[in-house]
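Asker: CSV, C-alpha atoms, file final.csv:
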```
chain,number,residue,atom,x,y,z
O,14,MET,CA,66.8,98.8,111.0
O,15,PHE,CA,68.8,96.6,108.7
O,16,TYR,CA,70.4,96.6,105.3
O,17,ASP,CA,67.4,94.8,103.8
O,18,SER,CA,64.7,96.5,105.9
O,19,PHE,CA,63.1,98.3,102.9
O,20,ASP,CA,62.7,97.0,99.4
O,21,ALA,CA,63.5,100.4,97.8
O,22,TRP,CA,66.5,101.1,95.5
O,23,TRP,CA,67.6,104.0,97.6
O,24,TRP,CA,67.6,102.3,101.0
O,25,PRO,CA,70.9,100.5,100.7
O,26,PHE,CA,72.5,103.9,99.9
O,27,VAL,CA,70.9,105.5,103.0
O,28,PHE,CA,72.1,102.5,105.1
O,29,ILE,CA,75.6,102.9,103.7
O,30,PHE,CA,75.6,106.6,104.4
O,31,LEU,CA,74.3,106.3,108.0
O,32,ALA,CA,76.3,103.1,108.9
O,33,GLY,CA,79.5,103.8,107.0
O,34,THR,CA,80.0,107.4,105.7
O,35,LEU,CA,78.8,109.4,108.7
O,36,PRO,CA,80.6,107.4,111.5
O,37,THR,CA,83.9,107.7,109.6
O,38,ALA,CA,83.5,111.4,108.5
O,39,ILE,CA,82.5,112.6,111.9
O,40,TRP,CA,86.0,112.0,113.3
O,41,ARG,CA,87.6,114.0,110.5
O,42,TRP,CA,85.2,116.9,111.1
O,43,LEU,CA,85.8,116.7,114.8
O,44,GLY,CA,89.5,116.8,114.1
O,45,VAL,CA,89.2,120.0,112.1
O,46,LEU,CA,87.1,121.6,114.8
O,47,LEU,CA,89.3,120.6,117.7
O,48,VAL,CA,92.6,121.4,116.1
O,49,GLY,CA,91.6,125.1,116.0
O,50,ASN,CA,94.6,127.3,116.1
O,51,ILE,CA,97.0,124.9,117.7
O,52,ASP,CA,100.5,125.9,116.9
O,53,ASP,CA,102.4,123.8,114.3
O,54,GLU,CA,105.2,123.2,116.8
O,55,SER,CA,103.0,122.7,119.9
O,56,GLU,CA,103.6,119.8,122.2
O,57,TRP,CA,99.9,118.9,121.9
O,58,LEU,CA,100.5,118.1,118.2
O,59,VAL,CA,103.4,115.8,119.1
O,60,PHE,CA,101.1,113.9,121.5
O,61,ILE,CA,98.4,113.8,118.8
O,62,ARG,CA,100.9,112.5,116.2
O,63,CYS,CA,102.0,109.8,118.7
O,64,ILE,CA,98.4,108.7,119.1
O,65,ALA,CA,97.7,108.7,115.3
O,66,THR,CA,100.9,106.7,114.7
O,67,GLY,CA,100.1,104.2,117.4
O,68,LEU,CA,96.6,103.7,116.0
O,69,VAL,CA,98.0,103.2,112.5
O,70,ALA,CA,100.6,100.7,113.9
O,71,ALA,CA,97.7,98.8,115.5
O,72,VAL,CA,96.0,98.6,112.0
O,73,ILE,CA,99.3,97.2,110.6
O,74,ALA,CA,99.4,94.6,113.4
O,75,GLN,CA,95.8,93.7,112.4
O,76,PHE,CA,97.0,92.9,108.9
O,77,VAL,CA,99.9,90.8,110.1
O,78,PHE,CA,98.4,89.0,113.1
O,79,PHE,CA,94.7,88.8,112.2
O,80,PRO,CA,94.4,89.1,108.4
O,81,THR,CA,91.3,88.4,106.4
O,82,GLY,CA,90.9,86.5,103.1
O,83,ALA,CA,93.7,84.8,101.3
O,84,LEU,CA,96.5,86.1,103.5
O,85,ALA,CA,95.0,84.1,106.4
O,86,ASP,CA,96.0,81.0,104.5
O,87,ALA,CA,99.7,81.8,105.3
O,88,PRO,CA,100.7,80.7,108.8
O,89,LEU,CA,101.4,83.4,111.4
O,90,TRP,CA,105.1,82.7,111.6
O,91,LEU,CA,105.4,83.3,107.8
O,92,ARG,CA,103.5,86.6,107.9
O,93,LEU,CA,105.6,87.8,110.9
O,94,ALA,CA,108.8,86.6,109.3
O,95,ALA,CA,107.9,88.4,106.0
O,96,ALA,CA,107.0,91.6,107.8
O,97,LEU,CA,110.1,91.7,110.0
O,98,THR,CA,112.4,90.8,107.1
O,99,GLY,CA,110.9,93.4,104.9
O,100,PHE,CA,111.2,96.1,107.6
O,101,ALA,CA,114.8,95.1,108.5
O,102,CYS,CA,115.8,95.2,104.9
O,103,PHE,CA,114.1,98.6,104.6
O,104,LEU,CA,116.2,99.9,107.5
O,105,VAL,CA,119.5,98.4,106.3
O,106,ALA,CA,118.9,99.8,102.8
O,107,GLY,CA,118.8,103.3,104.0
O,108,ARG,CA,115.1,103.5,104.6
O,109,ARG,CA,114.1,102.8,101.1
O,110,MET,CA,110.4,101.8,101.1
O,111,ILE,CA,110.6,99.9,97.8
O,112,VAL,CA,113.3,97.6,99.3
O,113,GLY,CA,111.1,96.8,102.3
O,114,VAL,CA,108.0,96.1,100.2
O,115,ILE,CA,109.9,93.9,97.7
O,116,THR,CA,111.9,91.8,100.2
O,117,GLY,CA,108.8,91.4,102.5
O,118,GLU,CA,106.7,90.2,99.5
O,119,ALA,CA,109.5,87.9,98.4
O,120,VAL,CA,109.7,86.1,101.7
O,121,LEU,CA,105.9,85.8,101.8
O,122,LEU,CA,105.6,84.5,98.3
O,123,ALA,CA,108.5,82.0,98.8
O,124,GLY,CA,107.0,80.8,102.0
O,125,PHE,CA,103.5,80.6,100.5
O,126,LEU,CA,104.7,78.4,97.7
O,127,VAL,CA,106.6,76.1,100.0
O,128,VAL,CA,104.1,75.9,102.9
O,129,VAL,CA,100.6,76.4,101.5
O,130,SER,CA,100.8,75.2,97.9
H,15,MET,CA,86.0,85.3,107.9
H,16,PHE,CA,87.0,88.9,108.3
H,17,LYS,CA,88.4,89.7,111.7
H,18,TYR,CA,87.2,93.3,111.3
H,19,ALA,CA,83.7,91.9,111.5
H,20,ASP,CA,84.4,91.5,115.2
H,21,ALA,CA,84.2,95.2,115.7
H,22,GLY,CA,80.8,95.2,114.0
H,23,GLY,CA,79.2,93.3,116.8
H,24,ALA,CA,80.8,95.4,119.5
H,25,ILE,CA,78.8,97.4,121.9
H,26,ASP,CA,81.2,97.2,124.7
H,27,GLY,CA,81.8,99.3,127.8
H,28,ARG,CA,85.5,99.1,127.3
H,29,TYR,CA,85.2,101.6,124.4
H,30,LEU,CA,84.1,104.2,126.9
H,31,PHE,CA,87.6,104.6,128.1
H,32,ALA,CA,88.2,106.8,125.1
H,33,LYS,CA,86.1,109.5,126.7
H,34,PRO,CA,88.6,111.0,129.1
H,35,ILE,CA,90.9,111.7,126.2
H,36,ALA,CA,88.1,113.6,124.4
H,37,SER,CA,87.2,115.6,127.4
H,38,GLU,CA,90.8,116.6,127.9
H,39,TRP,CA,90.7,118.0,124.4
H,40,VAL,CA,87.5,119.8,125.2
H,41,SER,CA,89.2,121.5,128.1
H,42,LEU,CA,91.9,123.1,126.0
H,43,PRO,CA,92.5,126.7,126.8
H,44,ALA,CA,90.2,129.3,125.4
H,45,GLY,CA,91.3,130.5,122.0
H,46,THR,CA,92.2,127.0,120.9
H,47,PHE,CA,88.8,126.8,119.2
H,48,MET,CA,89.3,130.0,117.2
H,49,THR,CA,89.2,128.9,113.6
H,50,CYS,CA,91.2,130.3,110.8
H,51,ASP,CA,88.1,132.3,109.8
H,52,ASN,CA,88.8,134.8,112.6
H,53,GLN,CA,92.2,135.6,111.1
H,54,ALA,CA,90.8,135.9,107.6
H,55,ALA,CA,87.8,137.9,108.6
H,56,PRO,CA,89.2,141.4,108.0
H,57,GLN,CA,89.9,140.5,104.4
H,58,SER,CA,87.4,140.3,101.6
H,59,SER,CA,85.4,137.2,102.4
H,60,ASN,CA,84.8,136.2,98.9
H,61,ASP,CA,88.3,136.6,97.6
H,62,SER,CA,89.8,133.2,97.9
H,63,SER,CA,92.2,133.7,95.0
H,64,GLY,CA,95.7,133.4,96.1
H,65,VAL,CA,94.9,131.4,99.2
H,66,TYR,CA,96.2,128.3,97.5
H,67,ASP,CA,98.6,127.6,94.7
H,68,TRP,CA,96.5,125.2,92.6
H,69,SER,CA,99.4,124.3,90.3
H,70,TRP,CA,100.2,121.8,93.1
H,71,PHE,CA,96.9,120.0,92.4
H,72,PRO,CA,98.2,118.2,89.2
H,73,LYS,CA,101.5,117.5,91.0
H,74,GLY,CA,99.5,115.6,93.6
H,75,MET,CA,97.6,113.8,90.9
H,76,ALA,CA,100.8,112.7,89.3
H,77,ASN,CA,101.4,110.5,92.3
H,78,ILE,CA,99.1,108.0,90.6
H,79,ALA,CA,102.4,106.5,89.2
H,80,SER,CA,104.1,105.9,92.5
H,81,LEU,CA,104.7,103.2,95.1
H,82,PRO,CA,102.0,104.4,97.5
H,83,ALA,CA,99.4,104.4,94.6
H,84,LEU,CA,100.4,100.9,93.5
H,85,VAL,CA,100.0,99.6,97.1
H,86,LEU,CA,96.7,101.3,97.6
H,87,LEU,CA,95.3,100.1,94.2
H,88,SER,CA,96.4,96.5,95.2
H,89,ALA,CA,94.5,96.8,98.4
H,90,PHE,CA,91.4,97.8,96.5
H,91,VAL,CA,91.8,94.9,94.1
H,92,GLY,CA,91.2,92.8,97.2
H,93,PHE,CA,88.3,94.9,98.4
H,94,GLY,CA,86.6,94.6,95.0
H,95,GLY,CA,86.7,90.8,95.3
H,96,LEU,CA,85.5,90.9,98.9
H,97,ALA,CA,82.5,93.1,98.0
H,98,ARG,CA,81.6,90.7,95.2
H,99,GLU,CA,81.7,87.7,97.6
H,100,ALA,CA,79.5,89.7,99.9
H,101,ASP,CA,76.9,90.3,97.1
H,102,ILE,CA,77.3,94.0,97.2
H,103,PRO,CA,76.0,95.4,93.9
H,104,LEU,CA,78.3,97.4,91.7
H,105,SER,CA,76.4,100.7,92.2
H,106,GLN,CA,76.7,100.4,95.9
H,107,LEU,CA,80.4,99.5,95.7
H,108,VAL,CA,81.0,102.6,93.7
H,109,PHE,CA,79.2,104.7,96.4
H,110,ILE,CA,80.9,102.9,99.3
H,111,ILE,CA,84.5,103.5,98.3
H,112,PRO,CA,84.8,107.3,97.9
H,113,SER,CA,82.0,108.3,100.3
H,114,ILE,CA,83.7,106.5,103.2
H,115,TRP,CA,87.3,106.6,102.0
H,116,ALA,CA,88.9,104.5,104.7
H,117,LEU,CA,89.7,100.8,104.1
H,118,PRO,CA,89.1,99.5,107.7
H,119,SER,CA,85.7,101.3,107.7
H,120,HIS,CA,84.9,99.7,104.3
H,121,LEU,CA,85.8,96.2,105.6
H,122,VAL,CA,83.7,96.6,108.8
H,123,LEU,CA,80.7,97.9,106.7
H,124,VAL,CA,80.8,95.1,104.2
H,125,ALA,CA,81.3,92.5,106.9
H,126,GLY,CA,78.4,93.9,108.8
H,127,ILE,CA,76.1,93.9,105.8
H,128,SER,CA,77.1,90.3,104.9
H,129,VAL,CA,76.2,89.0,108.4
H,130,GLY,CA,73.0,91.0,108.5
H,131,ALA,CA,73.9,93.2,111.4
H,132,SER,CA,71.6,96.2,112.4
H,133,LEU,CA,72.3,99.7,111.3
H,134,LEU,CA,73.3,100.8,114.8
H,135,THR,CA,75.7,97.9,115.3
H,136,VAL,CA,77.4,98.5,112.0
H,137,ALA,CA,77.6,102.3,112.6
H,138,LEU,CA,79.2,101.7,116.0
H,139,GLY,CA,81.7,99.2,114.6
H,140,VAL,CA,82.6,101.6,111.8
H,141,ALA,CA,82.9,104.5,114.3
H,142,PHE,CA,85.3,102.6,116.5
H,143,ALA,CA,87.3,101.4,113.5
H,144,ALA,CA,87.6,105.1,112.3
H,145,ILE,CA,88.7,106.8,115.5
H,146,ARG,CA,92.2,107.2,114.2
H,147,MET,CA,90.8,109.8,111.8
H,148,LEU,CA,90.6,112.2,114.6
H,149,PRO,CA,94.3,112.4,115.5
H,150,MET,CA,95.3,111.9,111.9
H,151,THR,CA,93.2,114.9,110.8
H,152,MET,CA,94.5,117.0,113.7
H,153,ALA,CA,98.0,116.2,112.7
H,154,LEU,CA,97.5,117.0,109.0
H,155,ILE,CA,95.5,120.2,109.2
H,156,PRO,CA,98.2,122.4,110.7
H,157,GLU,CA,100.5,121.2,107.9
H,158,ILE,CA,98.2,122.0,105.0
H,159,ARG,CA,96.3,125.1,106.0
H,160,THR,CA,97.4,128.6,105.3
H,161,PRO,CA,96.6,131.7,107.5
H,162,ARG,CA,93.8,132.5,105.0
H,163,SER,CA,92.3,129.1,104.9
H,164,ARG,CA,88.6,129.1,105.7
H,165,LEU,CA,87.0,126.6,108.0
H,166,TRP,CA,84.8,125.2,105.2
H,167,HIS,CA,87.9,124.5,103.1
H,168,LEU,CA,89.3,122.3,105.8
H,169,LEU,CA,85.9,120.6,106.5
H,170,ALA,CA,85.7,119.8,102.8
H,171,VAL,CA,89.2,118.5,102.3
H,172,CYS,CA,89.4,116.5,105.5
H,173,ASN,CA,86.9,114.0,104.0
H,174,LEU,CA,89.9,112.8,101.9
H,175,VAL,CA,92.0,112.0,105.0
H,176,ALA,CA,93.1,108.3,104.9
H,177,ILE,CA,96.4,106.7,105.7
H,178,THR,CA,98.1,106.6,102.3
H,179,ALA,CA,97.6,110.2,101.2
H,180,TRP,CA,98.0,111.4,104.8
H,181,VAL,CA,101.4,109.9,105.4
H,182,HIS,CA,102.6,110.9,101.9
H,183,THR,CA,101.5,114.5,102.3
H,184,LEU,CA,103.0,114.7,105.8
H,185,GLN,CA,106.3,113.5,104.4
H,186,LYS,CA,106.3,115.9,101.4
H,187,ALA,CA,104.9,118.9,103.2
H,188,PRO,CA,108.2,120.5,104.1
H,189,GLU,CA,109.2,120.5,100.5
H,190,ILE,CA,106.0,122.2,99.3
H,191,PRO,CA,105.2,125.9,99.8
H,192,ARG,CA,102.3,126.3,102.3
H,193,GLU,CA,99.9,127.5,99.6
H,194,GLY,CA,100.5,124.3,97.6
H,195,ARG,CA,100.0,121.8,100.3
H,196,LEU,CA,96.2,121.6,100.5
H,197,PRO,CA,95.9,121.4,96.7
H,198,TYR,CA,98.7,118.8,96.6
H,199,PHE,CA,96.9,116.6,99.2
H,200,ALA,CA,93.5,117.1,97.5
H,201,GLY,CA,95.0,116.2,94.1
H,202,PHE,CA,96.6,113.0,95.3
H,203,ALA,CA,93.8,111.8,97.5
H,204,SER,CA,91.0,112.6,95.0
H,205,THR,CA,92.8,110.9,92.2
H,206,MET,CA,93.4,107.9,94.3
H,207,ALA,CA,89.7,107.8,95.3
H,208,VAL,CA,88.7,107.7,91.6
H,209,ALA,CA,91.4,105.2,90.6
H,210,THR,CA,90.7,102.8,93.5
H,211,THR,CA,87.0,102.9,92.9
H,212,THR,CA,87.6,102.2,89.2
H,213,VAL,CA,89.9,99.3,90.0
H,214,ALA,CA,87.6,97.8,92.6
H,215,ALA,CA,84.6,98.1,90.1
H,216,LEU,CA,86.6,96.3,87.4
H,217,VAL,CA,87.5,93.5,89.8
H,218,HIS,CA,83.9,93.3,91.0
H,219,GLN,CA,82.8,92.7,87.4
H,220,LEU,CA,85.4,90.1,86.6
H,221,SER,CA,84.0,86.6,86.6
H,222,ALA,CA,87.2,84.7,87.4
H,223,ALA,CA,88.6,84.9,90.9
H,224,PHE,CA,92.2,85.7,91.5
H,225,PRO,CA,94.5,82.9,92.7
H,226,PRO,CA,94.9,83.0,96.5
H,227,ILE,CA,98.6,83.6,96.4
H,228,LEU,CA,98.2,86.7,94.3
H,229,MET,CA,95.5,88.0,96.6
H,230,ALA,CA,97.7,87.3,99.7
H,231,ALA,CA,100.6,89.2,98.1
H,232,LEU,CA,98.5,92.2,97.1
H,233,TYR,CA,97.0,92.3,100.6
H,234,PHE,CA,100.4,92.1,102.2
H,235,MET,CA,101.7,95.2,100.5
H,236,THR,CA,99.5,97.4,102.7
H,237,PRO,CA,101.2,96.6,106.0
H,238,LEU,CA,104.6,96.7,104.5
H,239,TYR,CA,104.0,100.1,102.9
H,240,PHE,CA,102.2,101.6,106.0
H,241,ALA,CA,105.1,100.6,108.3
H,242,THR,CA,107.9,101.8,106.1
H,243,SER,CA,106.3,105.1,105.0
H,244,ILE,CA,105.2,106.0,108.5
H,245,TRP,CA,108.7,105.3,109.8
H,246,ASN,CA,110.1,107.7,107.2
H,247,THR,CA,107.5,110.4,107.9
H,248,ALA,CA,108.2,110.5,111.7
H,249,ARG,CA,109.9,113.6,112.7
H,250,ILE,CA,110.7,112.7,116.3
H,251,ARG,CA,111.8,109.5,118.0
H,252,ALA,CA,108.6,109.2,119.9
H,253,GLU,CA,106.7,108.5,116.7
H,254,HIS,CA,109.0,105.6,116.0
H,255,TRP,CA,108.4,104.3,119.5
H,256,ALA,CA,104.6,104.6,118.9
H,257,LEU,CA,104.9,102.7,115.7
H,258,VAL,CA,106.8,99.8,117.3
H,259,LEU,CA,104.6,99.8,120.5
H,260,GLY,CA,101.3,100.0,118.6
H,261,PHE,CA,102.4,97.0,116.5
H,262,VAL,CA,103.7,94.9,119.4
H,263,LEU,CA,100.7,95.7,121.6
H,264,GLY,CA,98.3,94.6,118.8
H,265,PRO,CA,98.1,90.9,119.5
H,266,PHE,CA,98.2,91.4,123.3
H,267,ALA,CA,95.3,93.9,123.1
H,268,TRP,CA,93.4,91.3,121.1
H,269,MET,CA,93.8,88.8,124.0
H,270,VAL,CA,92.4,91.4,126.4
H,271,ALA,CA,89.7,92.9,124.2
H,272,PRO,CA,89.3,91.3,120.8
H,273,GLN,CA,86.7,93.8,119.7
H,274,ALA,CA,88.6,96.9,120.7
H,275,ASN,CA,92.1,95.7,120.1
H,276,ILE,CA,93.1,98.4,117.5
H,277,LEU,CA,91.9,101.2,119.8
H,278,LEU,CA,93.5,99.7,122.9
H,279,ALA,CA,96.9,99.0,121.2
H,280,GLY,CA,96.9,102.2,119.3
H,281,LEU,CA,96.1,104.5,122.3
H,282,GLY,CA,98.3,102.4,124.6
H,283,GLY,CA,101.3,102.6,122.1
H,284,GLY,CA,100.8,106.3,121.5
H,285,ILE,CA,100.4,107.2,125.1
H,286,ILE,CA,103.4,105.2,126.3
H,287,ALA,CA,105.6,106.5,123.4
H,288,TYR,CA,104.6,110.1,124.4
H,289,GLY,CA,105.2,109.4,128.1
H,290,ALA,CA,108.7,108.1,127.2
H,291,ARG,CA,109.4,111.3,125.3
H,292,ARG,CA,108.5,113.4,128.3
H,293,LEU,CA,110.7,111.2,130.5
H,294,VAL,CA,113.6,111.6,128.1
H,295,MET,CA,113.0,115.4,127.9
H,296,ALA,CA,112.8,115.7,131.7
H,297,ARG,CA,116.3,114.2,131.8
H,298,GLY,CA,117.4,116.6,129.2
H,299,ALA,CA,118.7,113.9,126.9
H,300,ASP,CA,116.6,114.6,123.8
```
So that I can check it, write out the structure of this file as structure tokens.

Answerer:
Amino acid sequence: MFYDSFDAWWWPFVFIFLAGTLPTAIWRWLGVLLVGNIDDESEWLVFIRCIATGLVAAVIAQFVFFPTGALADAPLWLRLAAALTGFACFLVAGRRMIVGVITGEAVLLAGFLVVVS
Amino acid sequence: MFKYADAGGAIDGRYLFAKPIASEWVSLPAGTFMTCDNQAAPQSSNDSSGVYDWSWFPKGMANIASLPALVLLSAFVGFGGLAREADIPLSQLVFIIPSIWALPSHLVLVAGISVGASLLTVALGVAFAAIRMLPMTMALIPEIRTPRSRLWHLLAVCNLVAITAWVHTLQKAPEIPREGRLPYFAGFASTMAVATTTVAALVHQLSAAFPPILMAALYFMTPLYFATSIWNTARIRAEHWALVLGFVLGPFAWMVAPQANILLAGLGGGIIAYGARRLVMARGAD
């Protein structure tokens, strides 16, 4: 079955639900069922938080190393330099997120203007 | 094109290595599966007043004027443009965003539709892109539930789990009374779902395209914000290690398995970080 299999107004919504909503939501429901009565301070939860953090970090890497759309116009070294500069400034500035976001963006924009434009 | 599209075409045996983890969870000791319902059972089952402090719901909503909200709205400006380029009609865009509520899943779905992939292929791609929802939900629920939370409360609210509201709520939870945490999370996440859908719909309807440099800058806010906010939310050193390792392993995992690189790098980074924690603990240095 495909997105354009049926010429009915409701079919794309069914397709989106089956191919997008359900395969995403199922992990959340499974998470609620599996977490059961695990204690807040349990070592299991530490492990689970490490896995969750690792997976989100891999999503971050995807944005930097394999971006889509306009960001792909910037060369890899620029994206990496902007990300690392932003993160370093964030740490130096006492872990203030706004500093990291602004400096990272500044490096990206400056590089973008010089290299791409 | 979109790199996430790669996951859409993936029916790959390498994904199966996720199974041993799942079966380990299934073999947790008896009692683990007892839900909060069991604790709440002796009380009146219809009396849910007082379980939560809903005055925290508007406080969660108020985060619409915050850095995380700005970053997330920026990301959905990009997604609105992407959906238009993929010829997704407005009505479907408005359905896609809140019903799925996870940007990587959105990207895989739209990429799958635009290349004409089959339902099964797209569903598998989305499922692999969304695996992180399992540990994320498992980490959040113990923070936001109360002893009187019913299972259905949690099954309902978990549909709002996505990185931005998740990391923000984990960070704020210690400052919020337990009864206010679920309302706070729900208030923030549901407001963001409405706001991002609105923004993406507006962009979808705009005739003029944004200049590439603006799109690149908007898009780049997401990784900067995710990295810094998760760093701040981490409560133990192993989470910092997991963040660094997951990022560093990303490109290497792509060389090994381009279709499963997020899963591979994320699980690898998380497991190594946790292993390092056990090593350090064994030496009594932590």

Asker: Tell me the residues of chain O close to chain H, meaning within 6 Å using only C-alpha atoms, as a PyMOL selection string.

Answerer: chain O and resi 14-15+32+34+36-37+40-42+44+48-50+53+60-68+70-71+73-74+81+83-84+110+114

Asker: For Tyr16 (chain O), which of H:His218, H:Gly64, H:Val129, H:Phe71 is the closest residue, counting all atoms listed in the file?

Answerer: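 Going through H:His218, H:Gly64, H:Val129, H:Phe71 one by one, the smallest distance to Tyr16 (chain O) is for H:Val129.
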
Asker: Work out how far CA of His167 (chain H) is from CA of Ala200 (chain H), in Å to one decimal.

Answerer: 10.8 Å

Asker: Using only C-alpha atoms, can you tell me which of O:Ile51, O:Leu126, O:Leu35, O:Ala96 comes closest to Gly113 (chain O)?

Answerer: O:Ala96

Asker: Enter the distance from CA of Asn77 (chain H) to CA of Thr98 (chain O), in Å, rounded to one decimal.

Answerer: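 Atom-to-atom, CA of Asn77 (chain H) to CA of Thr98 (chain O), that is 27.0 Å.
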
Asker: Interatomic distance between CA of Thr212 (chain H) and CA of Val91 (chain H)?

Answerer: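 According to the coordinates, CA of Thr212 (chain H) and CA of Val91 (chain H) are separated by 9.7 Å.
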
Asker: From the list O:Leu91, O:Ile111, O:Val27, O:Leu97, which residue is nearest Ala123 (chain O) when using only C-alpha atoms?

Answerer: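 Once distances to Ala123 (chain O) are computed over only C-alpha atoms, the minimum belongs to O:Leu91.
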
Asker: O:Phe76, O:Leu58, O:Ala101, O:Asp86: which is nearest Leu117 (chain H), counting all atoms listed in the file?

Answerer: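 Going through O:Phe76, O:Leu58, O:Ala101, O:Asp86 one by one, the smallest distance to Leu117 (chain H) is for O:Phe76.
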
Asker: Take region 167-183 of chain H, model N, CA and C atoms, and hand the result over as a short mmCIF file (atom, residue, chain, number, x, y, z; two decimals), in the coordinates of the input.

Answerer:
```
data_model
loop_
_atom_site.label_atom_id
_atom_site.label_comp_id
_atom_site.auth_asym_id
_atom_site.auth_seq_id
_atom_site.Cartn_x
_atom_site.Cartn_y
_atom_site.Cartn_z
N HIS H 167 86.88 125.19 103.90
CA HIS H 167 87.90 124.50 103.10
C HIS H 167 88.39 123.28 103.74
N LEU H 168 88.67 123.43 105.04
CA LEU H 168 89.30 122.30 105.80
C LEU H 168 88.25 121.23 106.03
N LEU H 169 86.98 121.63 106.32
CA LEU H 169 85.90 120.60 106.50
C LEU H 169 85.68 119.84 105.24
N ALA H 170 85.89 120.49 104.10
CA ALA H 170 85.70 119.80 102.80
C ALA H 170 86.86 118.84 102.55
N VAL H 171 88.07 119.35 102.68
CA VAL H 171 89.20 118.50 102.30
C VAL H 171 89.49 117.41 103.27
N CYS H 172 89.06 117.56 104.53
CA CYS H 172 89.40 116.50 105.50
C CYS H 172 88.67 115.21 105.19
N ASN H 173 87.62 115.27 104.35
CA ASN H 173 86.90 114.00 104.00
C ASN H 173 87.83 113.10 103.15
N LEU H 174 88.96 113.63 102.69
CA LEU H 174 89.90 112.80 101.90
C LEU H 174 90.99 112.20 102.77
N VAL H 175 90.96 112.50 104.09
CA VAL H 175 92.00 112.00 105.00
C VAL H 175 91.89 110.46 105.07
N ALA H 176 92.95 109.76 104.72
CA ALA H 176 93.10 108.30 104.90
C ALA H 176 94.57 108.04 104.92
N ILE H 177 94.97 106.87 105.39
CA ILE H 177 96.40 106.70 105.70
C ILE H 177 97.35 107.03 104.58
N THR H 178 97.09 106.50 103.37
CA THR H 178 98.10 106.60 102.30
C THR H 178 98.40 108.08 101.95
N ALA H 179 97.37 108.86 101.61
CA ALA H 179 97.60 110.20 101.20
C ALA H 179 98.06 111.08 102.39
N TRP H 180 97.59 110.71 103.57
CA TRP H 180 98.00 111.40 104.80
C TRP H 180 99.46 111.32 105.05
N VAL H 181 99.96 110.08 105.06
CA VAL H 181 101.40 109.90 105.40
C VAL H 181 102.24 110.47 104.28
N HIS H 182 101.80 110.35 103.03
CA HIS H 182 102.60 110.90 101.90
C HIS H 182 102.67 112.40 101.98
N THR H 183 101.54 113.05 102.29
CA THR H 183 101.50 114.50 102.30
C THR H 183 102.33 115.02 103.54
#
```
